[in-house]
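What follows is a short report on a single structure.
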Amino acid sequence: MKILVTGTAGFIGYHTTVKLLNQGNTVIGLDVINDYYDINLKYTRLANLGFGKDKIEYNKLIKCDPASSSNFNDSYFIQLNLNDQDNIYKLFEKEKFDYVINLAAQAGVRYSLTNPHAYMESNILGFMNILEACRHNKVKHLVYASSSSVYGLNETMPFSVHHNVDHPVSLYAASKKSNELMAHTYSHLYGIPTTGLRFFTVYGPWGRPDMALFIFTKAILENKPIDVYNHGNMQRDFTYVDDIVEGIIRVTNCVPTGNKAWSGETPDPGTSPAPYKIYNIGNNAPVKLLDFIEAIEKALGKRAKKNLMPIQPGDVPATYADVEDLIKDVDYKPSTPIQLGINKFVEWFKEYYK
């Protein structure tokens with residue numbers, strides 16, 4: 001299969017690309033390589049895929065260098081902005097992708113409080129271009145990243161895709177909810193199979209420097225205090241990145257056909273008569289923030305200095321994924337224990353940063 005993975009220089013995109021290539025697929029990775037966080041980390045991920053920084057040019061499709069990554073001869077990369085409508089359309093027209101996995105987005109809840117326009121440009125306009133390109137090029141299935149943040153003010157636990165999610169508490173969450181609505185419209189109007197994946201607090205090796213695990217690990221090793229919001233009473237359904245990737249790939253191969261039992265009188269938000277589906281991908285086992293920190297301390301063999309702080313605007317106090325639909329449809333449930341996942345991250349962090 002020929003698969004486009006957007007955001008391939010990013011955390012989840014990188015891991016997804018590696019797994020798809022190991023399965024023998026032809027993968028074209030796309031990323032704008034912006035400076036939201038350390039671009040050297042992004043370039044190192046790309047180098048691991050066989051794309052040296054010196055070969056990367058905007059809107060130039062390059063093939064993997066076999067000398068640097070002999071396992072991934074069927075991989076290609078292009079630096080491109082999702083907002084570059086003309087070149088996005090030309091890429092789709094030329095390459096005739098079978099599947100598209102859209103993981104490119106402006107991430108971060110707190111960043112959206114101070115940089116709202118970035119979310120409109122990438123998460124809304126960029127996603128619009130992906131939908132239009134899929135529409136005109138007969139893509140078999142569009143899979144895209146949503147987020148557990150869409151649950152917003154919802155307090156019914158565990159969060160289910162069949163719950164109403166009309167009360168987001170950050171612009172980031174609103175942009176992800178908008179993606180789901182846009183995808184449904186295209187599934188309904190044009191019959192494009194689309195699946196949205198609500199990720200729950202992803203962590204693991206090659207993670208983003210703005211995420212809690214990265215920030216806490218770095219600070220503890222440097223003997224600096226860490227800010228612990230909501231006085232450590234936050235709960236998150238931390239999900240190891242390999243579990244996320246396994247879910248992405250299984251769902252990509254499970255093309256939605258529409259729910260024949262769907263009723264407009266009692267509408268189900270998670271399905272549709274159109275070829276449209278939503279899944280949660282979470283560990284189904286929320287962990288208290290203080291317990292999460294304790295697991296990091298155990299992995300590092302070092303205690304943290306904690307600044308207990310109130311909850312931040314845009315944050316939700318708890319997340320907890322109902323993954324019954326994932327189990328039913330693709331026979332999969334994330335299962336990596338939190339201590340094991342943190343140990344793997346710390347091992348990578350120490351090696352990468354010496």
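Quick note on naming: the chains in the structure tokens go A, B, ... in the order shown, residues restart at 1 in each chain, and ligands are numbered from 1 in order of appearance.
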Tell me, as a list in words, which residues lie within 8 Å of Ser160 (chain A), counting only C-alpha atoms; anything in the same chain fewer than 5 positions away does not count.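 Once the nearby chain positions are removed, what remains is Asn280, Ala321, Asp322 and Val323 of chain A.
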Non-local contacts of region 50-62 of chain A (9 Å; only C-alpha atoms; under 6 positions in same chain excluded) as a ChimeraX atom specification: /A:28,32,43-44,68-70,72-73,75-81,87
Picked from region 61-137 of chain A by DSSP as strand (DSSP E), as a list in words: Ile62, Lys63, Ser75, Tyr76, Phe77, Ile78, Gln79, Tyr99, Val100, Ile101 and Asn102 of chain A
Given the selection you just returned, output its residues as a file containing C-alpha atoms, formatted as a JSON list (two decimals), in the first residue's frame.
```
[["chain", "number", "residue", "atom", "x", "y", "z"],
["A", 62, "ILE", "CA", 13.22, 12.88, -1.59],
["A", 63, "LYS", "CA", 13.81, 9.14, -1.35],
["A", 75, "SER", "CA", 10.16, 5.67, 2.22],
["A", 76, "TYR", "CA", 10.00, 9.20, 0.90],
["A", 77, "PHE", "CA", 9.75, 12.60, 2.54],
["A", 78, "ILE", "CA", 8.52, 16.01, 1.53],
["A", 79, "GLN", "CA", 8.67, 19.23, 3.54],
["A", 99, "TYR", "CA", -4.52, 5.65, 2.58],
["A", 100, "VAL", "CA", -3.87, 8.92, 4.39],
["A", 101, "ILE", "CA", -2.96, 9.13, 8.10],
["A", 102, "ASN", "CA", -3.16, 12.79, 9.10]]
```
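Of the residues under consideration (A:Gly29, A:Ile12, A:Tyr172, A:Arg303), A:Gly29 shows the shortest atom-to-atom contact distance to Cys64 (chain A) when counting only C-alpha atoms.
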My list of candidates is A:Ala295, A:Leu142, A:Met1, A:Ala183. Which is closest to Phe216 (chain A) when distances are computed with only C-alpha atoms?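 Looking only at the distances to Phe216 (chain A), the closest residue turns out to be A:Ala295.
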